[in-house]
Amino acid sequence: MAIQQFKAIGKMDMGKGLQVTANARQFQMTIDEPESLGGLDTGMTPVEVLLASLAACKAIVVKAFARLHRIKLQEISIECIGDLDPDGFLLKNKEAKKGFSHIKTIYHIKAENTEEEITKFVAFVESNCPVSDTLLNSPSVEEEINIL
């Protein structure tokens, strides 16, 4: 299959706070920061969106491949928990990492399978989640500036 491009646009609301309207295809969401960080607390923070994307991607891989792996899935929810020191991006501590230093995934799975079967399947999920792969194997990144 040919490579597909995906695109999202974030547009800053120039009023009070730090609200960003994010668009991808026909979908839209508000991304913001809590009041303690200068936002209006009207949406998830960018790092929460990243964790939500990771959890959602893993859940989609679970459901999409459960039948193929003979997992009799009844229920799935996935928690992704990230450790982040805000002093890094707030420039209060030059030594602090600006992004997550650790991300933990907790799978809550109800299925009519053995623990061994589920553990093997989760290993498959972990190795086939595109968001996880992007985090573990950094893509090349470039910037382009358009002065308006």
# chains A, B, ... in the order shown; residues from 1 in each chain; ligands from 1
>>> residues_around(residues="segment 18-25 of chain A", least_positions_apart="4", cutoff="10 Å", atoms="only C-alpha atoms", output="list of chain:residue names")
A:Phe6, A:Lys7, A:Ala8, A:Ile9, A:Gly10, A:Lys11, A:Met12, A:Asp13, A:Met14, A:Met29, A:Thr30, A:Ile31, A:Asp32, A:Glu33, A:Pro34, A:Glu35, A:Leu37, A:Gly38, A:Gly39, A:Leu40, A:Asp41, A:Thr42, A:Gly43, A:Met44, A:Thr45, A:Pro46
>>> select_by_dssp(residues="chain A", states="strand (DSSP E)", output="count of residues only")
35
>>> select_by_dssp(residues="segment 84-126 of chain A", states="alpha helix (DSSP H)", output="ChimeraX atom specification")
/A:86-89,115-126
>>> write_last_selection(atoms="N, CA and C atoms", output="CSV table (one decimal), in the first residue's frame")
chain,number,residue,atom,x,y,z
A,86,PRO,N,6.9,19.9,34.6
A,86,PRO,CA,6.6,21.2,33.9
A,86,PRO,C,7.8,22.2,34.0
A,87,ASP,N,8.7,22.0,35.0
A,87,ASP,CA,9.8,23.0,35.0
A,87,ASP,C,10.7,22.9,33.8
A,88,GLY,N,10.6,21.9,33.0
A,88,GLY,CA,11.4,21.8,31.8
A,88,GLY,C,10.9,22.7,30.7
A,89,PHE,N,9.6,22.6,30.4
A,89,PHE,CA,9.0,23.5,29.3
A,89,PHE,C,8.8,24.9,29.8
A,115,GLU,N,-4.3,-16.1,30.8
A,115,GLU,CA,-3.4,-14.9,31.0
A,115,GLU,C,-2.2,-15.0,30.0
A,116,GLU,N,-1.8,-16.2,29.7
A,116,GLU,CA,-0.7,-16.3,28.7
A,116,GLU,C,-1.1,-15.9,27.3
A,117,GLU,N,-2.3,-16.2,26.9
A,117,GLU,CA,-2.8,-15.8,25.6
A,117,GLU,C,-2.9,-14.3,25.5
A,118,ILE,N,-3.5,-13.7,26.6
A,118,ILE,CA,-3.6,-12.3,26.6
A,118,ILE,C,-2.3,-11.5,26.7
A,119,THR,N,-1.4,-12.0,27.4
A,119,THR,CA,0.0,-11.4,27.5
A,119,THR,C,0.7,-11.5,26.2
A,120,LYS,N,0.5,-12.6,25.5
A,120,LYS,CA,1.1,-12.7,24.1
A,120,LYS,C,0.5,-11.7,23.1
A,121,PHE,N,-0.9,-11.6,23.3
A,121,PHE,CA,-1.6,-10.7,22.4
A,121,PHE,C,-1.2,-9.2,22.7
A,122,VAL,N,-1.1,-8.9,23.9
A,122,VAL,CA,-0.7,-7.5,24.3
A,122,VAL,C,0.7,-7.2,23.7
A,123,ALA,N,1.6,-8.2,23.7
A,123,ALA,CA,2.9,-8.0,23.1
A,123,ALA,C,2.8,-7.7,21.6
A,124,PHE,N,1.8,-8.3,20.9
A,124,PHE,CA,1.6,-8.1,19.5
A,124,PHE,C,1.0,-6.6,19.4
A,125,VAL,N,0.1,-6.2,20.2
A,125,VAL,CA,-0.5,-4.9,20.2
A,125,VAL,C,0.6,-3.8,20.3
A,126,GLU,N,1.5,-4.0,21.3
A,126,GLU,CA,2.6,-3.1,21.6
A,126,GLU,C,3.5,-3.0,20.4
>>> atom_distance(atom1="atom CA of Lys104 of chain A", atom2="atom CA of Leu51 of chain A")
9.8 Å
